[in-house]
>>> print(open('entry-v4.cif').read())   # mmCIF, C-alpha atoms
data_model
#
loop_
_atom_site.group_PDB
_atom_site.id
_atom_site.type_symbol
_atom_site.label_atom_id
_atom_site.label_comp_id
_atom_site.auth_asym_id
_atom_site.auth_seq_id
_atom_site.Cartn_x
_atom_site.Cartn_y
_atom_site.Cartn_z
ATOM 1 C CA MET J 1 -27.547 50.014 6.636
ATOM 2 C CA ASN J 2 -30.234 49.389 9.177
ATOM 3 C CA GLY J 3 -33.042 46.967 8.394
ATOM 4 C CA THR J 4 -33.667 45.264 5.086
ATOM 5 C CA SER J 5 -37.143 46.410 3.998
ATOM 6 C CA ASN J 6 -37.388 47.587 0.379
ATOM 7 C CA PHE J 7 -33.654 47.168 -0.167
ATOM 8 C CA THR J 8 -32.742 46.753 -3.789
ATOM 9 C CA ARG J 9 -29.519 46.914 -5.745
ATOM 10 C CA HIS J 10 -28.840 50.349 -7.230
ATOM 11 C CA THR J 11 -26.160 51.211 -9.779
ATOM 12 C CA LEU J 12 -24.538 54.641 -9.581
ATOM 13 C CA SER J 13 -22.346 56.080 -12.309
ATOM 14 C CA VAL J 14 -20.055 58.791 -10.967
ATOM 15 C CA LEU J 15 -17.710 61.007 -12.990
ATOM 16 C CA VAL J 16 -14.797 62.244 -10.899
ATOM 17 C CA GLU J 17 -11.526 64.070 -11.215
ATOM 18 C CA ASN J 18 -8.810 61.577 -12.122
ATOM 19 C CA SER J 19 -6.367 62.362 -9.328
ATOM 20 C CA ALA J 20 -4.800 60.686 -6.328
ATOM 21 C CA GLY J 21 -7.103 60.217 -3.346
ATOM 22 C CA VAL J 22 -10.451 60.714 -5.098
ATOM 23 C CA LEU J 23 -11.448 57.035 -4.941
ATOM 24 C CA SER J 24 -10.490 56.999 -1.278
ATOM 25 C CA GLN J 25 -12.726 60.042 -0.605
ATOM 26 C CA VAL J 26 -15.670 58.408 -2.347
ATOM 27 C CA SER J 27 -15.272 55.049 -0.608
ATOM 28 C CA ARG J 28 -14.834 56.733 2.804
ATOM 29 C CA LEU J 29 -18.156 58.499 2.286
ATOM 30 C CA PHE J 30 -19.874 55.097 2.025
ATOM 31 C CA SER J 31 -17.939 53.766 5.011
ATOM 32 C CA ARG J 32 -18.768 56.762 7.238
ATOM 33 C CA LYS J 33 -22.473 56.415 6.458
ATOM 34 C CA GLY J 34 -22.435 52.644 7.083
ATOM 35 C CA TYR J 35 -23.245 51.651 3.493
ATOM 36 C CA ASN J 36 -21.658 48.531 2.050
ATOM 37 C CA ILE J 37 -20.449 48.770 -1.535
ATOM 38 C CA GLU J 38 -21.546 45.584 -3.326
ATOM 39 C CA SER J 39 -19.448 46.255 -6.432
ATOM 40 C CA LEU J 40 -16.949 48.931 -7.450
ATOM 41 C CA ALA J 41 -15.229 49.476 -10.791
ATOM 42 C CA VAL J 42 -13.077 52.463 -11.734
ATOM 43 C CA GLY J 43 -11.360 53.529 -14.919
ATOM 44 C CA THR J 44 -10.492 56.552 -16.981
ATOM 45 C CA THR J 45 -12.904 57.843 -19.593
ATOM 46 C CA ASP J 46 -12.262 59.256 -23.041
ATOM 47 C CA GLN J 47 -10.998 62.317 -21.151
ATOM 48 C CA PRO J 48 -7.737 61.370 -19.361
ATOM 49 C CA ASP J 49 -8.418 63.770 -16.486
ATOM 50 C CA VAL J 50 -11.853 62.211 -15.748
ATOM 51 C CA SER J 51 -12.563 58.765 -14.281
ATOM 52 C CA ARG J 52 -15.863 56.906 -14.090
ATOM 53 C CA ILE J 53 -16.703 55.012 -10.938
ATOM 54 C CA THR J 54 -19.489 52.442 -11.179
ATOM 55 C CA ILE J 55 -20.832 51.633 -7.725
ATOM 56 C CA GLU J 56 -23.470 49.071 -6.827
ATOM 57 C CA VAL J 57 -25.038 49.440 -3.413
ATOM 58 C CA MET J 58 -28.051 47.960 -1.629
ATOM 59 C CA GLY J 59 -30.532 50.397 -0.164
ATOM 60 C CA ASP J 60 -33.995 51.863 -0.248
ATOM 61 C CA ASP J 61 -34.917 54.935 -2.281
ATOM 62 C CA LEU J 62 -34.338 57.369 0.598
ATOM 63 C CA GLN J 63 -30.878 55.978 1.366
ATOM 64 C CA ILE J 64 -29.868 56.092 -2.298
ATOM 65 C CA ARG J 65 -31.046 59.705 -2.539
ATOM 66 C CA GLN J 66 -28.908 60.516 0.544
ATOM 67 C CA ILE J 67 -25.873 58.809 -0.984
ATOM 68 C CA ILE J 68 -26.319 60.750 -4.227
ATOM 69 C CA ASN J 69 -26.651 64.034 -2.348
ATOM 70 C CA GLN J 70 -23.487 63.309 -0.362
ATOM 71 C CA LEU J 71 -21.560 62.347 -3.500
ATOM 72 C CA GLN J 72 -22.625 65.564 -5.237
ATOM 73 C CA LYS J 73 -21.131 67.579 -2.366
ATOM 74 C CA GLN J 74 -17.686 66.111 -2.988
ATOM 75 C CA PHE J 75 -15.422 68.649 -4.697
ATOM 76 C CA ALA J 76 -13.863 66.086 -7.070
ATOM 77 C CA VAL J 77 -17.238 64.680 -8.206
ATOM 78 C CA TYR J 78 -18.461 66.143 -11.503
ATOM 79 C CA SER J 79 -21.639 64.137 -12.036
ATOM 80 C CA VAL J 80 -23.708 61.401 -10.393
ATOM 81 C CA GLN J 81 -26.278 59.324 -12.232
ATOM 82 C CA LEU J 82 -28.581 56.621 -10.892
ATOM 83 C CA LEU J 83 -28.924 54.068 -13.682
ATOM 84 C CA ASP J 84 -32.349 52.585 -14.257
ATOM 85 C CA PRO J 85 -31.932 48.785 -14.601
ATOM 86 C CA GLU J 86 -34.401 48.724 -17.519
ATOM 87 C CA ASN J 87 -32.466 51.410 -19.407
ATOM 88 C CA SER J 88 -28.871 50.429 -18.764
ATOM 89 C CA ILE J 89 -26.333 47.865 -19.844
ATOM 90 C CA ARG J 90 -24.408 46.174 -17.006
ATOM 91 C CA ARG J 91 -21.442 43.869 -17.544
ATOM 92 C CA GLU J 92 -18.738 42.254 -15.452
ATOM 93 C CA LEU J 93 -15.530 40.463 -16.396
ATOM 94 C CA VAL J 94 -14.798 37.209 -14.572
ATOM 95 C CA MET J 95 -11.577 35.242 -14.959
ATOM 96 C CA VAL J 96 -11.525 31.725 -13.566
ATOM 97 C CA LYS J 97 -8.692 29.206 -13.407
ATOM 98 C CA VAL J 98 -10.062 25.641 -13.392
ATOM 99 C CA ARG J 99 -8.429 22.323 -12.654
ATOM 100 C CA ALA J 100 -8.137 20.317 -15.903
ATOM 101 C CA GLU J 101 -5.603 17.554 -15.411
ATOM 102 C CA ASP J 102 -6.538 15.350 -18.372
ATOM 103 C CA ARG J 103 -7.575 15.754 -21.990
ATOM 104 C CA ALA J 104 -11.210 14.737 -21.413
ATOM 105 C CA THR J 105 -11.632 17.335 -18.654
ATOM 106 C CA ARG J 106 -10.002 20.058 -20.771
ATOM 107 C CA THR J 107 -12.334 19.210 -23.665
ATOM 108 C CA GLU J 108 -15.385 19.382 -21.403
ATOM 109 C CA VAL J 109 -14.327 22.720 -19.900
ATOM 110 C CA ILE J 110 -13.676 24.145 -23.378
ATOM 111 C CA GLN J 111 -17.135 23.003 -24.547
ATOM 112 C CA MET J 112 -18.784 24.747 -21.592
ATOM 113 C CA ALA J 113 -16.670 27.839 -22.194
ATOM 114 C CA ASN J 114 -17.914 27.918 -25.794
ATOM 115 C CA ILE J 115 -21.544 27.704 -24.666
ATOM 116 C CA PHE J 116 -20.999 30.761 -22.434
ATOM 117 C CA ARG J 117 -18.907 32.563 -25.073
ATOM 118 C CA ALA J 118 -15.996 32.584 -22.661
ATOM 119 C CA ALA J 119 -12.474 33.053 -23.938
ATOM 120 C CA ILE J 120 -9.718 30.581 -23.152
ATOM 121 C CA LEU J 121 -6.860 32.746 -21.872
ATOM 122 C CA ASP J 122 -4.368 30.116 -20.806
ATOM 123 C CA VAL J 123 -3.892 26.368 -21.151
ATOM 124 C CA SER J 124 -1.458 24.421 -19.025
ATOM 125 C CA PRO J 125 -1.053 20.676 -18.448
ATOM 126 C CA LYS J 126 -3.155 20.893 -15.257
ATOM 127 C CA SER J 127 -5.442 23.923 -15.686
ATOM 128 C CA LEU J 128 -7.408 26.181 -18.007
ATOM 129 C CA THR J 129 -8.035 29.888 -17.459
ATOM 130 C CA LEU J 130 -11.253 31.335 -18.872
ATOM 131 C CA ALA J 131 -12.611 34.871 -19.168
ATOM 132 C CA VAL J 132 -16.276 35.681 -19.556
ATOM 133 C CA ILE J 133 -17.958 39.063 -19.872
ATOM 134 C CA GLY J 134 -21.635 39.272 -19.123
ATOM 135 C CA GLU J 135 -24.475 39.935 -16.784
ATOM 136 C CA GLU J 136 -24.160 38.683 -13.244
ATOM 137 C CA SER J 137 -26.527 35.731 -13.765
ATOM 138 C CA LYS J 138 -24.491 34.421 -16.717
ATOM 139 C CA ASN J 139 -21.224 34.737 -14.811
ATOM 140 C CA VAL J 140 -22.639 33.014 -11.732
ATOM 141 C CA ALA J 141 -23.996 30.161 -13.865
ATOM 142 C CA LEU J 142 -20.575 29.561 -15.433
ATOM 143 C CA GLU J 143 -18.912 29.749 -12.030
ATOM 144 C CA LYS J 144 -21.281 27.117 -10.610
ATOM 145 C CA LEU J 145 -20.531 24.769 -13.527
ATOM 146 C CA MET J 146 -16.774 25.266 -13.104
ATOM 147 C CA GLU J 147 -16.998 24.332 -9.396
ATOM 148 C CA GLU J 148 -17.498 20.723 -10.534
ATOM 149 C CA PHE J 149 -13.967 20.710 -11.984
ATOM 150 C CA GLY J 150 -12.374 22.583 -9.109
ATOM 151 C CA ILE J 151 -11.843 26.336 -9.200
ATOM 152 C CA LEU J 152 -8.212 27.145 -8.475
ATOM 153 C CA GLU J 153 -8.621 30.940 -8.640
ATOM 154 C CA LEU J 154 -11.367 33.385 -9.529
ATOM 155 C CA VAL J 155 -11.409 37.174 -9.915
ATOM 156 C CA ARG J 156 -14.256 39.571 -10.780
ATOM 157 C CA THR J 157 -13.901 43.150 -11.982
ATOM 158 C CA GLY J 158 -17.124 44.447 -10.507
ATOM 159 C CA MET J 159 -19.962 45.771 -12.628
ATOM 160 C CA VAL J 160 -19.512 48.481 -15.192
ATOM 161 C CA ALA J 161 -22.607 50.090 -16.664
ATOM 162 C CA LEU J 162 -23.809 52.631 -19.207
ATOM 163 C CA GLU J 163 -27.241 53.975 -19.964
ATOM 164 C CA ARG J 164 -28.826 52.641 -23.153
ATOM 165 C CA GLY J 165 -29.482 54.936 -26.098
ATOM 166 C CA GLN J 166 -28.006 58.209 -27.227
ATOM 167 C CA TYR J 167 -27.870 60.094 -23.941
ATOM 168 C CA THR J 168 -24.770 60.272 -21.775
ATOM 169 C CA ILE J 169 -24.038 61.154 -18.180
ATOM 170 C CA SER J 170 -22.879 64.593 -19.309
ATOM 171 C CA ASP J 171 -25.687 65.293 -21.812
ATOM 172 C CA GLU J 172 -27.254 68.702 -21.062
ATOM 173 C CA ARG J 173 -30.721 67.487 -22.111
ATOM 174 C CA LYS J 174 -30.669 64.894 -19.352
ATOM 175 C CA GLU J 175 -31.155 67.583 -16.719
ATOM 176 C CA THR J 176 -34.897 67.287 -17.281
ATOM 177 C CA THR J 177 -35.067 63.481 -17.118
ATOM 178 C CA GLU J 178 -35.477 61.220 -14.131
ATOM 179 C CA PHE J 179 -32.077 59.595 -14.588
ATOM 180 C CA ASN J 180 -29.956 62.638 -13.833
ATOM 181 C CA LEU J 181 -30.066 63.514 -10.172
ATOM 182 C CA GLY J 182 -27.816 66.529 -10.400
ATOM 183 C CA LYS J 183 -24.486 67.369 -11.928
ATOM 184 C CA ARG J 184 -21.718 69.915 -12.129
ATOM 185 C CA ALA J 185 -20.377 71.214 -15.423
ATOM 186 C CA LEU J 186 -17.389 69.282 -16.715
#
>>> encode(input="entry-v4.cif", output="structure tokens")
Amino acid sequence: MNGTSNFTRHTLSVLVENSAGVLSQVSRLFSRKGYNIESLAVGTTDQPDVSRITIEVMGDDLQIRQIINQLQKQFAVYSVQLLDPENSIRRELVMVKVRAEDRATRTEVIQMANIFRAAILDVSPKSLTLAVIGEESKNVALEKLMEEFGILELVRTGMVALERGQYTISDERKETTEFNLGKRAL
């Protein structure tokens, strides 16, 4: 994207046909337009033939509107929703393997994991593997603390997000609200 004025992070929730090649079509659209995807998470929904793609992208309002319009033109895209940060829940899973070669280090890592409500997934004589689910700031804070011990491996899922409250991406009443920027019938 050209320039950096008024660029903010935007979260898009996209319902698509769960079939081979759909993710590739969506990601190529971003690539062709020169937009960098900051975060991408994909999974099936409660309907096995529908997947939800959560995409985070930096851009200004005009660029985001263009992205949404382009996504809506894709045959396999059922619905696109721009999630308002104030009215959505965003979470990411981070797994981190940390060096812990002695009992004192393992105890200290476990104490920090407890503070962050991280789960201990694996314990070995020389490492601990933790998992934490949370907002980006929480995950980054834990990661920074774990750097002190030596991060052996780290993996992030990318953000997943849902709108707060009773409404859903496919709720007919949402057609009149600011959060739904167009949709096709499922």
>>> resolve_selection(input="entry-v4.cif", expression="the PyMOL selection byres ((chain J and resi 10) around 9)", output="ChimeraX atom specification")
/J:8-9,11-12,55-60,64,82-85
>>> resolve_selection(input="entry-v4.cif", expression="the PyMOL selection byres ((chain J and resi 89) around 7)", output="CSV table (one decimal) with C-alpha atoms, keeping the file's coordinate frame")
chain,number,residue,atom,x,y,z
J,88,SER,CA,-28.9,50.4,-18.8
J,90,ARG,CA,-24.4,46.2,-17.0
J,91,ARG,CA,-21.4,43.9,-17.5
J,161,ALA,CA,-22.6,50.1,-16.7
J,162,LEU,CA,-23.8,52.6,-19.2
J,163,GLU,CA,-27.2,54.0,-20.0
J,164,ARG,CA,-28.8,52.6,-23.2
>>> resolve_selection(input="entry-v4.cif", expression="the PyMOL selection byres ((chain J and resi 43) around 12)", output="mmCIF file with C-alpha atoms, in the coordinates of the input")
data_model
loop_
_atom_site.group_PDB
_atom_site.id
_atom_site.type_symbol
_atom_site.label_atom_id
_atom_site.label_comp_id
_atom_site.auth_asym_id
_atom_site.auth_seq_id
_atom_site.Cartn_x
_atom_site.Cartn_y
_atom_site.Cartn_z
ATOM 1 C CA SER J 13 -22.346 56.080 -12.309
ATOM 2 C CA VAL J 14 -20.055 58.791 -10.967
ATOM 3 C CA LEU J 15 -17.710 61.007 -12.990
ATOM 4 C CA VAL J 16 -14.797 62.244 -10.899
ATOM 5 C CA GLU J 17 -11.526 64.070 -11.215
ATOM 6 C CA ASN J 18 -8.810 61.577 -12.122
ATOM 7 C CA SER J 19 -6.367 62.362 -9.328
ATOM 8 C CA LEU J 23 -11.448 57.035 -4.941
ATOM 9 C CA LEU J 40 -16.949 48.931 -7.450
ATOM 10 C CA ALA J 41 -15.229 49.476 -10.791
ATOM 11 C CA VAL J 42 -13.077 52.463 -11.734
ATOM 12 C CA THR J 44 -10.492 56.552 -16.981
ATOM 13 C CA THR J 45 -12.904 57.843 -19.593
ATOM 14 C CA ASP J 46 -12.262 59.256 -23.041
ATOM 15 C CA GLN J 47 -10.998 62.317 -21.151
ATOM 16 C CA PRO J 48 -7.737 61.370 -19.361
ATOM 17 C CA ASP J 49 -8.418 63.770 -16.486
ATOM 18 C CA VAL J 50 -11.853 62.211 -15.748
ATOM 19 C CA SER J 51 -12.563 58.765 -14.281
ATOM 20 C CA ARG J 52 -15.863 56.906 -14.090
ATOM 21 C CA ILE J 53 -16.703 55.012 -10.938
ATOM 22 C CA THR J 54 -19.489 52.442 -11.179
ATOM 23 C CA THR J 157 -13.901 43.150 -11.982
ATOM 24 C CA GLY J 158 -17.124 44.447 -10.507
ATOM 25 C CA MET J 159 -19.962 45.771 -12.628
ATOM 26 C CA VAL J 160 -19.512 48.481 -15.192
ATOM 27 C CA ALA J 161 -22.607 50.090 -16.664
#
>>> axis_aligned_box(input="entry-v4.cif", around="stretch 59-68 of chain J", padding_each_side="5 Å", output="AutoDock Vina command-line options")
--center_x -30.4 --center_y 55.6 --center_z -1.4 --size_x 19.0 --size_y 20.4 --size_z 15.6
>>> residues_around(input="entry-v4.cif", residues="J:Thr105", least_positions_apart="6", cutoff="12 Å", atoms="all atoms listed in the file", output="JSON, numbers by chain")
{"J": [98, 99, 111, 112, 125, 126, 127, 128, 146, 148, 149, 150]}
>>> closest_residue(input="entry-v4.cif", among="J:Ile37, J:Val140, J:Ile169, J:Val132", to="J:Tyr78", atoms="all atoms listed in the file")
J:Ile169
>>> closest_residue(input="entry-v4.cif", among="J:Leu154, J:Val80, J:Gly21, J:Glu135", to="J:Glu92", atoms="all atoms listed in the file")
J:Glu135
>>> atom_distance(input="entry-v4.cif", atom1="atom CA of J:Ala131", atom2="atom CA of J:Gln166")
29.1 Å
>>> closest_residue(input="entry-v4.cif", among="J:Phe7, J:Val109, J:Gly165, J:Leu93", to="J:Asp61", atoms="all atoms listed in the file")
J:Phe7
>>> closest_residue(input="entry-v4.cif", among="J:Ala20, J:Val155, J:Leu29, J:Leu121", to="J:Leu71", atoms="only C-alpha atoms")
J:Leu29
>>> atom_distance(input="entry-v4.cif", atom1="atom CA of J:Glu153", atom2="atom CA of J:Lys97")
5.1 Å
>>> closest_residue(input="entry-v4.cif", among="J:Ser39, J:Ser27, J:Ala100, J:Met95", to="J:Ile67", atoms="only C-alpha atoms")
J:Ser27
>>> atom_distance(input="entry-v4.cif", atom1="atom CA of J:Ile68", atom2="atom CA of J:Asn36")
14.5 Å
>>> closest_residue(input="entry-v4.cif", among="J:Thr129, J:Ser31, J:Asn139, J:Gln63", to="J:Phe116", atoms="all atoms listed in the file")
J:Asn139
>>> decode(input="entry-v4.cif", residues="stretch 37-115 of chain J", atoms="C-alpha atoms", output="short mmCIF file (atom, residue, chain, number, x, y, z; two decimals), in the first residue's frame")
data_model
loop_
_atom_site.label_atom_id
_atom_site.label_comp_id
_atom_site.auth_asym_id
_atom_site.auth_seq_id
_atom_site.Cartn_x
_atom_site.Cartn_y
_atom_site.Cartn_z
CA ILE J 37 -2.07 -9.37 5.15
CA GLU J 38 -0.95 -8.80 8.75
CA SER J 39 -2.77 -11.85 10.12
CA LEU J 40 -4.80 -14.67 8.58
CA ALA J 41 -6.76 -17.44 10.29
CA VAL J 42 -9.07 -19.92 8.58
CA GLY J 43 -11.33 -22.66 9.85
CA THR J 44 -14.66 -24.31 9.24
CA THR J 45 -17.79 -22.99 10.89
CA ASP J 46 -20.74 -24.82 12.38
CA GLN J 47 -21.67 -25.52 8.75
CA PRO J 48 -19.08 -27.94 7.28
CA ASP J 49 -19.40 -26.44 3.79
CA VAL J 50 -18.63 -22.89 5.04
CA SER J 51 -15.29 -21.56 6.32
CA ARG J 52 -14.57 -18.31 8.13
CA ILE J 53 -11.47 -16.36 7.22
CA THR J 54 -10.33 -13.71 9.68
CA ILE J 55 -8.01 -11.24 7.97
CA GLU J 56 -6.17 -8.33 9.55
CA VAL J 57 -4.84 -5.73 7.17
CA MET J 58 -3.40 -2.22 7.50
CA GLY J 59 -5.04 0.49 5.45
CA ASP J 60 -7.08 3.65 5.38
CA ASP J 61 -10.87 3.69 5.13
CA LEU J 62 -10.90 4.00 1.33
CA GLN J 63 -8.52 1.07 0.85
CA ILE J 64 -10.51 -1.12 3.24
CA ARG J 65 -13.72 -0.26 1.39
CA GLN J 66 -12.00 -1.27 -1.89
CA ILE J 67 -10.83 -4.56 -0.39
CA ILE J 68 -14.34 -5.33 0.86
CA ASN J 69 -15.85 -4.53 -2.53
CA GLN J 70 -13.33 -6.80 -4.27
CA LEU J 71 -13.95 -9.63 -1.79
CA GLN J 72 -17.72 -9.37 -2.32
CA LYS J 73 -17.21 -9.90 -6.06
CA GLN J 74 -15.58 -13.28 -5.47
CA PHE J 75 -17.98 -16.10 -6.35
CA ALA J 76 -17.01 -18.25 -3.34
CA VAL J 77 -17.44 -15.39 -0.82
CA TYR J 78 -20.81 -15.42 0.95
CA SER J 79 -20.37 -12.52 3.36
CA VAL J 80 -17.81 -9.89 4.37
CA GLN J 81 -17.94 -8.00 7.65
CA LEU J 82 -15.65 -5.26 8.92
CA LEU J 83 -15.41 -5.76 12.67
CA ASP J 84 -15.46 -2.66 14.84
CA PRO J 85 -12.63 -2.99 17.41
CA GLU J 86 -14.92 -1.65 20.17
CA ASN J 87 -17.61 -4.24 19.40
CA SER J 88 -15.58 -7.35 18.72
CA ILE J 89 -13.61 -9.98 20.55
CA ARG J 90 -10.16 -10.75 19.10
CA ARG J 91 -7.96 -13.62 20.27
CA GLU J 92 -4.81 -15.38 19.13
CA LEU J 93 -3.19 -18.63 20.22
CA VAL J 94 0.57 -18.55 20.78
CA MET J 95 2.66 -21.61 21.57
CA VAL J 96 6.20 -21.03 22.78
CA LYS J 97 8.94 -23.52 23.61
CA VAL J 98 11.35 -22.06 26.19
CA ARG J 99 14.74 -23.19 27.38
CA ALA J 100 14.45 -24.46 30.98
CA GLU J 101 17.50 -26.55 31.78
CA ASP J 102 17.22 -26.57 35.58
CA ARG J 103 14.52 -26.83 38.23
CA ALA J 104 14.74 -23.17 39.29
CA THR J 105 14.25 -21.97 35.71
CA ARG J 106 11.32 -24.34 35.15
CA THR J 107 9.69 -23.09 38.36
CA GLU J 108 10.12 -19.46 37.30
CA VAL J 109 8.70 -20.11 33.82
CA ILE J 110 5.73 -21.96 35.32
CA GLN J 111 5.05 -19.05 37.71
CA MET J 112 5.04 -16.58 34.81
CA ALA J 113 2.83 -18.92 32.79
CA ASN J 114 0.34 -18.97 35.68
CA ILE J 115 0.27 -15.17 35.83
#
